$ cat run.tsv   # TSV, C-alpha atoms and all ligand atoms
chain	number	residue	atom	x	y	z
K	1	MET	CA	-17.31	9.76	-15.09
K	2	VAL	CA	-17.58	6.03	-15.49
K	3	VAL	CA	-19.16	4.42	-18.52
K	4	VAL	CA	-20.85	1.24	-17.33
K	5	MET	CA	-21.18	-1.33	-20.12
K	6	LYS	CA	-24.12	-3.72	-20.37
K	7	PRO	CA	-23.50	-7.30	-19.23
K	8	GLY	CA	-22.32	-9.19	-22.29
K	9	SER	CA	-21.07	-6.10	-24.14
K	10	THR	CA	-18.47	-6.98	-26.74
K	11	LYS	CA	-14.76	-6.12	-26.81
K	12	GLN	CA	-15.39	-3.98	-29.91
K	13	GLN	CA	-18.07	-1.98	-28.10
K	14	VAL	CA	-15.73	-1.35	-25.16
K	15	GLU	CA	-12.95	-0.37	-27.55
K	16	HIS	CA	-15.32	2.02	-29.33
K	17	VAL	CA	-16.16	3.73	-26.03
K	18	CYS	CA	-12.44	4.04	-25.27
K	19	LYS	CA	-11.88	5.64	-28.66
K	20	LEU	CA	-14.64	8.20	-28.01
K	21	VAL	CA	-13.11	8.99	-24.63
K	22	ARG	CA	-9.71	9.60	-26.20
K	23	GLU	CA	-11.29	11.78	-28.88
K	24	LEU	CA	-12.48	14.06	-26.06
K	25	GLY	CA	-8.88	14.47	-24.94
K	26	LEU	CA	-9.46	12.26	-21.88
K	27	LYS	CA	-7.82	9.05	-20.75
K	28	ASP	CA	-9.64	5.71	-20.81
K	29	HIS	CA	-9.07	2.99	-18.28
K	30	VAL	CA	-10.89	-0.32	-18.70
K	31	ILE	CA	-11.82	-2.28	-15.60
K	32	GLU	CA	-13.11	-5.78	-16.23
K	33	GLY	CA	-15.36	-6.89	-13.40
K	34	THR	CA	-16.86	-10.30	-12.79
K	35	GLU	CA	-20.23	-9.27	-14.26
K	36	ARG	CA	-19.57	-6.31	-16.45
K	37	THR	CA	-16.92	-4.01	-17.80
K	38	VAL	CA	-16.66	-0.34	-16.94
K	39	VAL	CA	-14.59	2.34	-18.63
K	40	ALA	CA	-13.26	4.90	-16.20
K	41	VAL	CA	-12.75	8.28	-17.82
K	42	ILE	CA	-9.73	10.04	-16.40
K	43	GLY	CA	-9.34	13.78	-16.66
K	44	ASP	CA	-11.57	16.80	-16.19
K	45	ASP	CA	-14.83	15.80	-17.87
K	46	ARG	CA	-17.03	18.47	-16.31
K	47	ASN	CA	-17.57	20.31	-19.60
K	48	LYS	CA	-17.97	17.18	-21.68
K	49	ASP	CA	-21.29	15.85	-22.88
K	50	ARG	CA	-21.82	12.75	-20.76
K	51	SER	CA	-25.20	11.93	-22.22
K	52	ALA	CA	-23.60	11.35	-25.64
K	53	PHE	CA	-22.16	8.11	-24.28
K	54	GLU	CA	-25.54	6.83	-23.17
K	55	SER	CA	-26.69	6.20	-26.72
K	56	VAL	CA	-23.54	4.33	-27.72
K	57	GLU	CA	-24.09	0.64	-28.38
K	58	GLY	CA	-23.27	-1.64	-25.48
K	59	VAL	CA	-23.43	1.17	-22.91
K	60	ASP	CA	-25.77	0.73	-19.97
K	61	ARG	CA	-25.34	4.07	-18.20
K	62	VAL	CA	-22.93	6.86	-17.43
K	63	VAL	CA	-22.18	7.66	-13.80
K	64	PRO	CA	-20.48	10.86	-12.69
K	65	ILE	CA	-17.70	10.29	-10.16
K	66	LEU	CA	-17.95	12.63	-7.24
K	67	ALA	CA	-14.68	11.84	-5.46
K	68	PRO	CA	-11.68	13.85	-6.70
K	69	TYR	CA	-9.72	10.60	-6.84
K	70	LYS	CA	-11.10	8.43	-9.61
K	71	MET	CA	-9.15	5.22	-10.09
K	72	ALA	CA	-8.70	4.79	-6.34
K	73	SER	CA	-12.40	5.24	-5.75
K	74	ARG	CA	-14.98	2.58	-5.00
K	75	GLU	CA	-17.34	4.50	-7.23
K	76	VAL	CA	-15.24	3.25	-10.14
K	77	LYS	CA	-14.47	-0.22	-8.81
K	78	LYS	CA	-16.75	-1.84	-6.26
K	79	GLU	CA	-14.80	-5.08	-5.80
K	80	ARG	CA	-11.79	-4.96	-3.51
K	81	SER	CA	-8.44	-5.07	-5.24
K	82	VAL	CA	-6.15	-7.95	-4.49
K	83	VAL	CA	-2.50	-6.90	-4.79
K	84	PRO	CA	0.26	-9.52	-5.20
K	85	LEU	CA	3.29	-9.04	-2.97
K	86	ILE	CA	5.51	-10.69	-5.57
K	87	LEU	CA	4.49	-9.59	-9.04
K	88	GLY	CA	3.65	-12.49	-11.35
K	89	GLN	CA	4.06	-15.17	-8.69
K	90	LYS	CA	1.22	-17.67	-9.08
K	91	GLY	CA	-0.44	-18.60	-5.80
K	92	GLY	CA	1.86	-16.24	-3.89
K	93	ALA	CA	1.01	-13.91	-1.02
K	94	THR	CA	-1.47	-11.12	-1.67
K	95	ALA	CA	-3.08	-8.25	0.21
K	96	GLY	CA	-6.76	-7.48	-0.14
K	97	GLY	CA	-8.11	-11.03	-0.24
K	98	LYS	CA	-9.39	-13.14	2.62
K	99	LYS	CA	-5.91	-13.67	4.01
K	100	VAL	CA	-4.38	-10.97	6.18
K	101	ALA	CA	-0.87	-10.29	4.88
K	102	VAL	CA	1.76	-9.89	7.58
K	103	ILE	CA	4.98	-8.12	6.67
K	104	ALA	CA	7.60	-8.03	9.41
K	105	GLY	CA	11.26	-7.28	9.88
K	106	PRO	CA	13.65	-4.70	11.21
K	107	CYS	CA	13.20	-0.97	10.76
K	108	SER	CA	16.61	-0.91	9.07
K	109	VAL	CA	18.81	-3.56	7.54
K	110	GLU	CA	21.92	-3.52	9.75
K	111	SER	CA	23.94	-6.63	8.95
K	112	LYS	CA	23.64	-10.04	7.33
K	113	SER	CA	23.29	-11.94	10.60
K	114	GLN	CA	20.75	-9.45	11.99
K	115	LEU	CA	18.58	-9.63	8.87
K	116	MET	CA	18.84	-13.41	8.44
K	117	ASP	CA	17.98	-14.12	12.08
K	118	ILE	CA	14.95	-11.87	11.97
K	119	ALA	CA	13.82	-13.07	8.54
K	120	GLN	CA	13.93	-16.74	9.61
K	121	ALA	CA	12.08	-15.92	12.82
K	122	VAL	CA	9.25	-13.95	11.22
K	123	LYS	CA	8.90	-16.53	8.48
K	124	ALA	CA	8.51	-19.23	11.12
K	125	GLY	CA	5.94	-17.04	12.87
K	126	GLY	CA	3.78	-16.76	9.75
K	127	ALA	CA	4.91	-13.57	7.98
K	128	VAL	CA	4.66	-13.48	4.18
K	129	GLY	CA	6.74	-10.35	3.68
K	130	LEU	CA	10.06	-9.09	5.00
K	131	ARG	CA	10.42	-5.39	5.70
K	132	GLY	CA	13.73	-3.58	6.18
K	133	GLY	CA	14.94	-0.15	5.20
K	134	ALA	CA	18.10	0.25	3.15
K	135	PHE	CA	17.46	3.94	2.50
K	136	LYS	CA	16.23	5.55	5.70
K	137	PRO	CA	14.48	8.91	5.97
K	138	ARG	CA	15.98	10.33	9.17
K	139	THR	CA	15.10	13.56	10.93
K	140	ASN	CA	18.70	14.05	12.00
K	141	PRO	CA	21.28	14.08	9.19
K	142	TYR	CA	23.89	12.54	11.54
K	143	SER	CA	21.72	9.49	12.31
K	144	PHE	CA	22.22	6.13	10.57
K	145	GLN	CA	21.02	6.56	6.99
K	146	GLY	CA	20.84	2.89	5.98
K	147	LEU	CA	23.17	0.52	4.14
K	148	ALA	CA	21.90	1.59	0.69
K	149	GLU	CA	22.64	-0.98	-2.06
K	150	LYS	CA	24.42	-3.31	0.36
K	151	GLY	CA	21.19	-3.40	2.38
K	152	LEU	CA	19.19	-4.21	-0.75
K	153	GLU	CA	21.57	-7.07	-1.53
K	154	LEU	CA	21.07	-8.47	1.96
K	155	LEU	CA	17.30	-8.24	1.55
K	156	ALA	CA	17.54	-10.18	-1.71
K	157	THR	CA	19.67	-12.82	0.03
K	158	ALA	CA	17.08	-13.10	2.81
K	159	ARG	CA	14.33	-13.53	0.22
K	160	GLU	CA	16.27	-16.36	-1.39
K	161	ALA	CA	16.65	-18.09	1.97
K	162	THR	CA	13.05	-17.64	3.14
K	163	GLY	CA	10.80	-16.95	0.15
K	164	LEU	CA	9.51	-13.83	1.91
K	165	ALA	CA	8.52	-10.88	-0.30
K	166	VAL	CA	10.89	-7.96	0.22
K	167	VAL	CA	9.29	-4.61	1.15
K	168	THR	CA	11.68	-1.67	1.28
K	169	GLU	CA	11.57	2.09	1.02
K	170	VAL	CA	12.51	4.16	-1.99
K	171	MET	CA	13.19	7.78	-1.10
K	172	ALA	CA	13.99	9.44	-4.39
K	173	VAL	CA	13.10	9.25	-8.08
K	174	GLU	CA	16.67	8.36	-9.06
K	175	GLN	CA	16.64	5.39	-6.62
K	176	VAL	CA	13.57	3.78	-8.22
K	177	PRO	CA	15.38	1.54	-10.77
K	178	LEU	CA	17.88	0.34	-8.14
K	179	VAL	CA	15.31	-0.39	-5.44
K	180	ALA	CA	12.93	-2.00	-7.96
K	181	LYS	CA	15.78	-4.31	-9.05
K	182	TYR	CA	15.96	-5.87	-5.57
K	183	ALA	CA	12.57	-5.25	-3.92
K	184	ASP	CA	9.23	-6.94	-4.46
K	185	VAL	CA	7.24	-4.05	-2.98
K	186	LEU	CA	8.39	-0.43	-3.10
K	187	GLN	CA	7.53	1.52	0.02
K	188	VAL	CA	6.87	5.24	-0.29
K	189	GLY	CA	7.35	6.66	3.19
K	190	ALA	CA	5.12	9.04	5.12
K	191	ARG	CA	7.50	11.93	4.52
K	192	ASN	CA	7.27	11.38	0.77
K	193	MET	CA	3.53	10.88	0.47
K	194	GLN	CA	3.25	14.13	-1.44
K	195	ASN	CA	6.48	13.84	-3.38
K	196	PHE	CA	4.55	13.87	-6.61
K	197	ASN	CA	7.56	13.13	-8.80
K	198	LEU	CA	8.33	10.03	-6.74
K	199	LEU	CA	4.69	8.93	-6.85
K	200	SER	CA	4.72	9.23	-10.63
K	201	ALA	CA	8.02	7.35	-10.87
K	202	VAL	CA	6.78	4.38	-8.82
K	203	GLY	CA	3.58	4.51	-10.88
K	204	GLU	CA	5.57	4.11	-14.07
K	205	GLN	CA	7.23	0.85	-13.02
K	206	PRO	CA	5.35	-2.41	-12.44
K	207	LYS	CA	6.31	-3.54	-8.91
K	208	PRO	CA	3.62	-3.18	-6.23
K	209	VAL	CA	3.76	-0.06	-4.07
K	210	LEU	CA	3.08	0.36	-0.35
K	211	LEU	CA	2.08	3.98	0.11
K	212	LYS	CA	2.27	5.30	3.65
K	213	ARG	CA	-0.02	8.02	4.87
K	214	GLY	CA	1.70	11.32	5.52
K	215	MET	CA	1.74	12.14	9.21
K	216	SER	CA	-0.44	15.21	8.66
K	217	ALA	CA	-2.30	14.10	5.55
K	218	THR	CA	-6.07	13.88	5.36
K	219	LEU	CA	-7.62	10.72	3.92
K	220	GLU	CA	-8.48	12.65	0.78
K	221	GLU	CA	-4.88	13.78	0.30
K	222	PHE	CA	-3.78	10.19	0.95
K	223	LEU	CA	-6.12	8.84	-1.72
K	224	LEU	CA	-5.07	11.55	-4.17
K	225	ALA	CA	-1.46	10.47	-3.62
K	226	ALA	CA	-2.51	6.90	-4.46
K	227	GLU	CA	-4.27	8.30	-7.52
K	228	TYR	CA	-0.94	9.64	-8.80
K	229	ILE	CA	0.47	6.11	-8.81
K	230	LEU	CA	-2.64	4.51	-10.31
K	231	SER	CA	-2.98	7.15	-13.01
K	232	ARG	CA	0.57	6.40	-14.16
K	233	GLY	CA	-0.43	2.82	-14.90
K	234	ASN	CA	0.49	0.86	-11.77
K	235	GLN	CA	-2.64	-0.75	-10.32
K	236	ASN	CA	-0.85	-2.57	-7.52
K	237	VAL	CA	-1.10	-0.03	-4.75
K	238	MET	CA	-1.55	-0.72	-1.03
K	239	LEU	CA	-2.47	2.01	1.42
K	240	CYS	CA	-0.71	2.05	4.78
K	241	GLU	CA	-2.06	3.78	7.87
K	242	ARG	CA	0.96	4.50	10.09
K	243	GLY	CA	-0.38	7.01	12.57
K	244	ILE	CA	-0.65	10.76	12.47
K	245	ARG	CA	0.98	13.57	14.42
K	246	THR	CA	-1.23	14.87	17.24
K	247	TYR	CA	-0.75	16.78	20.52
K	248	GLU	CA	-0.54	13.46	22.32
K	249	GLU	CA	2.81	12.55	23.89
K	250	TYR	CA	2.40	9.06	25.33
K	251	VAL	CA	2.79	7.72	21.81
K	252	ARG	CA	5.05	8.71	18.93
K	253	ASN	CA	2.08	8.92	16.55
K	254	THR	CA	-1.63	8.46	17.06
K	255	LEU	CA	-2.73	5.34	15.22
K	256	ALA	CA	-5.94	6.31	13.44
K	257	LEU	CA	-7.63	2.92	13.19
K	258	ALA	CA	-10.92	4.37	11.99
K	259	ALA	CA	-8.98	5.11	8.81
K	260	VAL	CA	-9.13	1.37	8.00
K	261	PRO	CA	-12.92	1.12	7.44
K	262	ALA	CA	-13.03	4.72	6.20
K	263	LEU	CA	-10.44	4.02	3.49
K	264	GLN	CA	-12.12	0.74	2.59
K	265	ARG	CA	-15.41	2.55	2.18
K	266	ALA	CA	-13.88	5.18	-0.09
K	267	SER	CA	-11.45	2.97	-2.00
K	268	HIS	CA	-11.02	-0.57	-3.32
K	269	LEU	CA	-7.31	-0.61	-2.47
K	270	PRO	CA	-6.01	-2.89	0.32
K	271	VAL	CA	-5.33	-1.21	3.65
K	272	ILE	CA	-2.29	-2.21	5.70
K	273	VAL	CA	-1.64	-0.99	9.25
K	274	ASP	CA	1.78	-0.16	10.68
K	275	PRO	CA	1.36	-0.30	14.46
K	276	SER	CA	5.11	0.22	14.98
K	277	GLN	CA	5.43	3.75	13.54
K	278	GLY	CA	1.78	4.08	14.58
K	279	THR	CA	2.56	3.96	18.29
K	280	GLY	CA	6.33	4.16	18.71
K	281	LYS	CA	6.09	1.80	21.69
K	282	SER	CA	6.73	-1.93	21.53
K	283	TYR	CA	4.27	-2.67	24.36
K	284	LEU	CA	1.41	-1.25	22.27
K	285	VAL	CA	2.13	-3.19	19.10
K	286	ASP	CA	0.43	-6.46	20.04
K	287	SER	CA	-2.92	-4.88	20.98
K	288	MET	CA	-2.87	-2.59	17.96
K	289	CYS	CA	-2.24	-5.58	15.67
K	290	ARG	CA	-5.29	-7.27	17.12
K	291	ALA	CA	-7.36	-4.10	16.87
K	292	SER	CA	-6.27	-3.54	13.26
K	293	VAL	CA	-7.36	-6.99	12.17
K	294	ALA	CA	-10.61	-6.63	14.10
K	295	ALA	CA	-11.21	-3.35	12.25
K	296	GLY	CA	-10.78	-5.12	8.90
K	297	ALA	CA	-7.15	-4.40	7.98
K	298	ASP	CA	-5.93	-6.33	4.95
K	299	GLY	CA	-2.43	-6.55	6.32
K	300	LEU	CA	0.08	-5.52	8.97
K	301	ILE	CA	3.62	-4.22	8.67
K	302	ILE	CA	5.52	-4.65	11.90
K	303	GLU	CA	9.01	-3.84	13.12
K	304	VAL	CA	10.73	-6.88	14.64
K	305	HIS	CA	14.29	-6.85	15.97
K	306	ASN	CA	16.34	-9.61	17.61
K	307	ASP	CA	18.07	-7.06	19.86
K	308	PRO	CA	15.81	-3.99	20.12
K	309	GLU	CA	18.03	-2.32	22.72
K	310	HIS	CA	20.86	-2.11	20.21
K	311	ALA	CA	18.79	-1.46	17.10
K	312	LEU	CA	20.26	1.30	14.94
K	313	THR	CA	16.78	2.71	14.31
K	314	ASP	CA	13.39	2.52	16.05
K	315	GLY	CA	14.38	0.06	18.80
K	316	ALA	CA	11.73	1.41	21.18
K	317	GLN	CA	8.93	0.33	18.88
K	318	SER	CA	10.45	-2.96	17.73
K	319	ILE	CA	9.09	-6.20	19.12
K	320	THR	CA	11.23	-9.31	19.56
K	321	PRO	CA	10.70	-12.52	17.56
K	322	LEU	CA	9.17	-14.06	20.69
K	323	MET	CA	6.66	-11.22	21.02
K	324	PHE	CA	5.98	-11.53	17.30
K	325	ASN	CA	5.12	-15.21	17.69
K	326	ASP	CA	2.73	-14.56	20.57
K	327	MET	CA	1.14	-11.69	18.69
K	328	MET	CA	0.59	-13.86	15.61
K	329	LYS	CA	-1.19	-16.49	17.67
K	330	ALA	CA	-3.47	-13.87	19.22
K	331	VAL	CA	-4.17	-12.17	15.90
K	332	GLN	CA	-4.97	-15.52	14.33
K	333	ARG	CA	-7.92	-15.87	16.72
K	334	ILE	CA	-9.14	-12.37	15.91
K	335	ALA	CA	-8.83	-13.10	12.18
K	336	VAL	CA	-11.08	-16.15	12.51
K	337	ALA	CA	-13.62	-14.09	14.46
K	338	VAL	CA	-13.89	-11.52	11.66
K	339	ASP	CA	-14.00	-14.14	8.91
K	340	ARG	CA	-10.42	-13.68	7.75
K	341	GLU	CA	-7.42	-15.96	7.56
K	342	MET	CA	-3.77	-15.51	8.41
I	1	LIG	C1	9.58	2.92	8.38
I	1	LIG	O1	8.77	2.11	7.90
I	1	LIG	O2	10.59	2.59	9.04
I	1	LIG	C2	9.28	4.35	8.21
I	1	LIG	C3	10.24	5.26	8.25
I	1	LIG	O3	7.98	4.59	8.02
I	1	LIG	P1	7.16	5.98	7.87
I	1	LIG	O4	7.46	6.49	6.52
I	1	LIG	O5	5.72	5.54	8.03
I	1	LIG	O6	7.62	6.89	8.98
I	2	MN	MN	10.94	2.55	11.47
$ encode --input "run.tsv" --output "structure tokens"
Amino acid sequence: MVVVMKPGSTKQQVEHVCKLVRELGLKDHVIEGTERTVVAVIGDDRNKDRSAFESVEGVDRVVPILAPYKMASREVKKERSVVPLILGQKGGATAGGKKVAVIAGPCSVESKSQLMDIAQAVKAGGAVGLRGGAFKPRTNPYSFQGLAEKGLELLATAREATGLAVVTEVMAVEQVPLVAKYADVLQVGARNMQNFNLLSAVGEQPKPVLLKRGMSATLEEFLLAAEYILSRGNQNVMLCERGIRTYEEYVRNTLALAAVPALQRASHLPVIVDPSQGTGKSYLVDSMCRASVAAGADGLIIEVHNDPEHALTDGAQSITPLMFNDMMKAVQRIAVAVDREM
């Protein structure tokens, strides 16, 4: 349930409601809106007496929450969340506001010159974030697994040179402190969307999290995965649609763009689209970027490589810096048409 306070309710009244919630063995979570404050009650409240809250001073009404995910739900928070890409940076890039956040870079960090070239190019093209995997989840154990800490160091160097926010994957609970030391945004990959220990671990540290949809996950499972992170205290969660596994073979994954408005209807969290994993084909990336922004995406995460033919991972879906530039110009026009900015 959500306890909706009256406009102008006092801090003491809100605190009193929180105390009552805790007395019931439930968790309180205060959300301060522009007009009024609400207290989200986390936990199984089905057997609790909701009406008791209605007579408490300062309380307007009590609303049951129907969705199984609570903190991720729009029932709890109507306004869209704006997530900073660099925590604590004033005036820095965000996702979820008017501006569409573009994160671009190689699938994997391969070398200093590769990363620097690409970082400079995507920065010049208008990206605000730099992606690049240092820990790579690979189907084949003999495939390139990433440069690990060396890759993280290179990402940090590229951030220093460009000011881009670093977005990189964390694959395991024990990697969280190391990755969080270098990264601005921690990516939880599709294959780990239901690694509940990892979700809790990234929820217990403060850096923003980019959560990718599992390739066979329903939207409800996706939002429940986000709920794990939120319920551990980290409010800076971005949802990433990256395509799902279907019978189709002309693409690597089927990019489910209807998920963008569907997620935004169900949740206040920003929605980012990954058209690179989402299609697996570089020739499809440009149109899917345009379609994503037209559908209301709050951001894009795109694989860009200066030499896709020799990329160590995902070359077939990587666009070149030149293609990235052209795409950005095209997307800019779409953004204006749907009342967004780039
Ligand atoms: C990636 O971003 O390179 C990646 C492996 O993504 P996903 O987890 O969506 O497959
Ligand atoms: Mn990739």
$ atom_distance --input "run.tsv" --atom1 "atom CA of K:Glu35" --atom2 "atom CA of K:Arg265"
20.8 Å
$ atom_distance --input "run.tsv" --atom1 "atom O3 of ligand LIG 1 (chain I)" --atom2 "atom CA of K:Ala190"
6.0 Å
$ residues_around --input "run.tsv" --residues "K:Val202" --least-positions-apart "2" --cutoff "12 Å" --atoms "all atoms listed in the file" --output "MDAnalysis selection string"
chainID K and resid 169:180 185:188 192:193 195:200 204:211 225:237
$ residues_near_ligand --input "run.tsv" --ligand "ligand MN 2 (chain I)" --cutoff "9 Å" --atoms "all atoms listed in the file" --output "PyMOL selection string"
chain K and resi 106-108+132-133+136+276-277+280+303+313-315+317-318
$ atom_distance --input "run.tsv" --atom1 "atom CA of K:Asp117" --atom2 "atom CA of K:Pro308"
13.1 Å
$ residues_around --input "run.tsv" --residues "K:Gly43" --least-positions-apart "2" --cutoff "10 Å" --atoms "only C-alpha atoms" --output "list in words"
Met1, Leu24, Gly25, Leu26, Lys27, Asp28, Ala40, Val41, Asp45, Arg46, Lys70 and Ser231 of chain K
$ residues_around --input "run.tsv" --residues "K:Ile103" --least-positions-apart "6" --cutoff "9 Å" --atoms "only C-alpha atoms" --output "CSV table (one decimal) with C-alpha atoms, in the coordinates of the input"
chain,number,residue,atom,x,y,z
K,122,VAL,CA,9.2,-14.0,11.2
K,127,ALA,CA,4.9,-13.6,8.0
K,128,VAL,CA,4.7,-13.5,4.2
K,129,GLY,CA,6.7,-10.4,3.7
K,130,LEU,CA,10.1,-9.1,5.0
K,131,ARG,CA,10.4,-5.4,5.7
K,164,LEU,CA,9.5,-13.8,1.9
K,165,ALA,CA,8.5,-10.9,-0.3
K,166,VAL,CA,10.9,-8.0,0.2
K,167,VAL,CA,9.3,-4.6,1.2
K,299,GLY,CA,-2.4,-6.6,6.3
K,300,LEU,CA,0.1,-5.5,9.0
K,301,ILE,CA,3.6,-4.2,8.7
K,302,ILE,CA,5.5,-4.6,11.9
K,303,GLU,CA,9.0,-3.8,13.1
$ closest_residue --input "run.tsv" --among "K:Thr246, K:Ser113, K:Thr168, K:Ser282" --to "K:Pro137" --atoms "all atoms listed in the file"
K:Thr168
$ build_atoms --input "run.tsv" --residues "stretch 79-97 of chain K" --atoms "N, CA, C and O atoms" --output "PDB file, in the coordinates of the input"
ATOM      1  N   GLU K  79     -15.487  -3.918  -6.402  1.00  0.00           N
ATOM      2  CA  GLU K  79     -14.800  -5.080  -5.800  1.00  0.00           C
ATOM      3  C   GLU K  79     -13.457  -4.650  -5.232  1.00  0.00           C
ATOM      4  O   GLU K  79     -12.778  -3.809  -5.796  1.00  0.00           O
ATOM      5  N   ARG K  80     -13.068  -5.282  -4.141  1.00  0.00           N
ATOM      6  CA  ARG K  80     -11.790  -4.960  -3.510  1.00  0.00           C
ATOM      7  C   ARG K  80     -10.632  -5.444  -4.400  1.00  0.00           C
ATOM      8  O   ARG K  80     -10.720  -6.504  -5.006  1.00  0.00           O
ATOM      9  N   SER K  81      -9.607  -4.661  -4.465  1.00  0.00           N
ATOM     10  CA  SER K  81      -8.440  -5.070  -5.240  1.00  0.00           C
ATOM     11  C   SER K  81      -7.575  -6.022  -4.436  1.00  0.00           C
ATOM     12  O   SER K  81      -7.401  -5.838  -3.231  1.00  0.00           O
ATOM     13  N   VAL K  82      -7.062  -7.002  -5.124  1.00  0.00           N
ATOM     14  CA  VAL K  82      -6.150  -7.950  -4.490  1.00  0.00           C
ATOM     15  C   VAL K  82      -4.769  -7.714  -5.113  1.00  0.00           C
ATOM     16  O   VAL K  82      -4.590  -7.868  -6.317  1.00  0.00           O
ATOM     17  N   VAL K  83      -3.829  -7.292  -4.289  1.00  0.00           N
ATOM     18  CA  VAL K  83      -2.500  -6.900  -4.790  1.00  0.00           C
ATOM     19  C   VAL K  83      -1.494  -8.009  -4.460  1.00  0.00           C
ATOM     20  O   VAL K  83      -1.391  -8.431  -3.302  1.00  0.00           O
ATOM     21  N   PRO K  84      -0.769  -8.499  -5.477  1.00  0.00           N
ATOM     22  CA  PRO K  84       0.260  -9.520  -5.200  1.00  0.00           C
ATOM     23  C   PRO K  84       1.451  -8.871  -4.511  1.00  0.00           C
ATOM     24  O   PRO K  84       1.802  -7.735  -4.825  1.00  0.00           O
ATOM     25  N   LEU K  85       2.078  -9.592  -3.585  1.00  0.00           N
ATOM     26  CA  LEU K  85       3.290  -9.040  -2.970  1.00  0.00           C
ATOM     27  C   LEU K  85       4.484  -9.291  -3.887  1.00  0.00           C
ATOM     28  O   LEU K  85       5.417  -8.502  -3.942  1.00  0.00           O
ATOM     29  N   ILE K  86       4.449 -10.423  -4.592  1.00  0.00           N
ATOM     30  CA  ILE K  86       5.510 -10.690  -5.570  1.00  0.00           C
ATOM     31  C   ILE K  86       4.829 -10.733  -6.941  1.00  0.00           C
ATOM     32  O   ILE K  86       4.029 -11.633  -7.214  1.00  0.00           O
ATOM     33  N   LEU K  87       5.135  -9.739  -7.746  1.00  0.00           N
ATOM     34  CA  LEU K  87       4.490  -9.590  -9.040  1.00  0.00           C
ATOM     35  C   LEU K  87       4.682 -10.845  -9.895  1.00  0.00           C
ATOM     36  O   LEU K  87       5.799 -11.322 -10.044  1.00  0.00           O
ATOM     37  N   GLY K  88       3.572 -11.353 -10.423  1.00  0.00           N
ATOM     38  CA  GLY K  88       3.650 -12.490 -11.350  1.00  0.00           C
ATOM     39  C   GLY K  88       3.815 -13.837 -10.684  1.00  0.00           C
ATOM     40  O   GLY K  88       3.861 -14.856 -11.363  1.00  0.00           O
ATOM     41  N   GLN K  89       3.903 -13.880  -9.364  1.00  0.00           N
ATOM     42  CA  GLN K  89       4.060 -15.170  -8.690  1.00  0.00           C
ATOM     43  C   GLN K  89       2.696 -15.831  -8.538  1.00  0.00           C
ATOM     44  O   GLN K  89       1.816 -15.274  -7.878  1.00  0.00           O
ATOM     45  N   LYS K  90       2.522 -16.976  -9.143  1.00  0.00           N
ATOM     46  CA  LYS K  90       1.220 -17.670  -9.080  1.00  0.00           C
ATOM     47  C   LYS K  90       1.032 -18.276  -7.688  1.00  0.00           C
ATOM     48  O   LYS K  90       1.915 -18.949  -7.174  1.00  0.00           O
ATOM     49  N   GLY K  91      -0.140 -18.013  -7.106  1.00  0.00           N
ATOM     50  CA  GLY K  91      -0.440 -18.600  -5.800  1.00  0.00           C
ATOM     51  C   GLY K  91       0.352 -17.983  -4.662  1.00  0.00           C
ATOM     52  O   GLY K  91       0.341 -18.494  -3.549  1.00  0.00           O
ATOM     53  N   GLY K  92       1.037 -16.891  -4.922  1.00  0.00           N
ATOM     54  CA  GLY K  92       1.860 -16.240  -3.890  1.00  0.00           C
ATOM     55  C   GLY K  92       1.020 -15.370  -2.963  1.00  0.00           C
ATOM     56  O   GLY K  92      -0.205 -15.277  -3.100  1.00  0.00           O
ATOM     57  N   ALA K  93       1.693 -14.746  -2.013  1.00  0.00           N
ATOM     58  CA  ALA K  93       1.010 -13.910  -1.020  1.00  0.00           C
ATOM     59  C   ALA K  93       0.394 -12.681  -1.684  1.00  0.00           C
ATOM     60  O   ALA K  93       0.949 -12.122  -2.633  1.00  0.00           O
ATOM     61  N   THR K  94      -0.770 -12.297  -1.158  1.00  0.00           N
ATOM     62  CA  THR K  94      -1.470 -11.120  -1.670  1.00  0.00           C
ATOM     63  C   THR K  94      -1.982 -10.287  -0.496  1.00  0.00           C
ATOM     64  O   THR K  94      -2.042 -10.764   0.633  1.00  0.00           O
ATOM     65  N   ALA K  95      -2.392  -9.082  -0.795  1.00  0.00           N
ATOM     66  CA  ALA K  95      -3.080  -8.250   0.210  1.00  0.00           C
ATOM     67  C   ALA K  95      -4.393  -7.790  -0.415  1.00  0.00           C
ATOM     68  O   ALA K  95      -4.416  -7.371  -1.574  1.00  0.00           O
ATOM     69  N   GLY K  96      -5.459  -7.906   0.364  1.00  0.00           N
ATOM     70  CA  GLY K  96      -6.760  -7.480  -0.140  1.00  0.00           C
ATOM     71  C   GLY K  96      -7.740  -8.638  -0.299  1.00  0.00           C
ATOM     72  O   GLY K  96      -8.927  -8.422  -0.519  1.00  0.00           O
ATOM     73  N   GLY K  97      -7.230  -9.855  -0.180  1.00  0.00           N
ATOM     74  CA  GLY K  97      -8.110 -11.030  -0.240  1.00  0.00           C
ATOM     75  C   GLY K  97      -8.536 -11.424   1.166  1.00  0.00           C
ATOM     76  O   GLY K  97      -8.476 -10.621   2.100  1.00  0.00           O
TER      77      GLY K  97
END
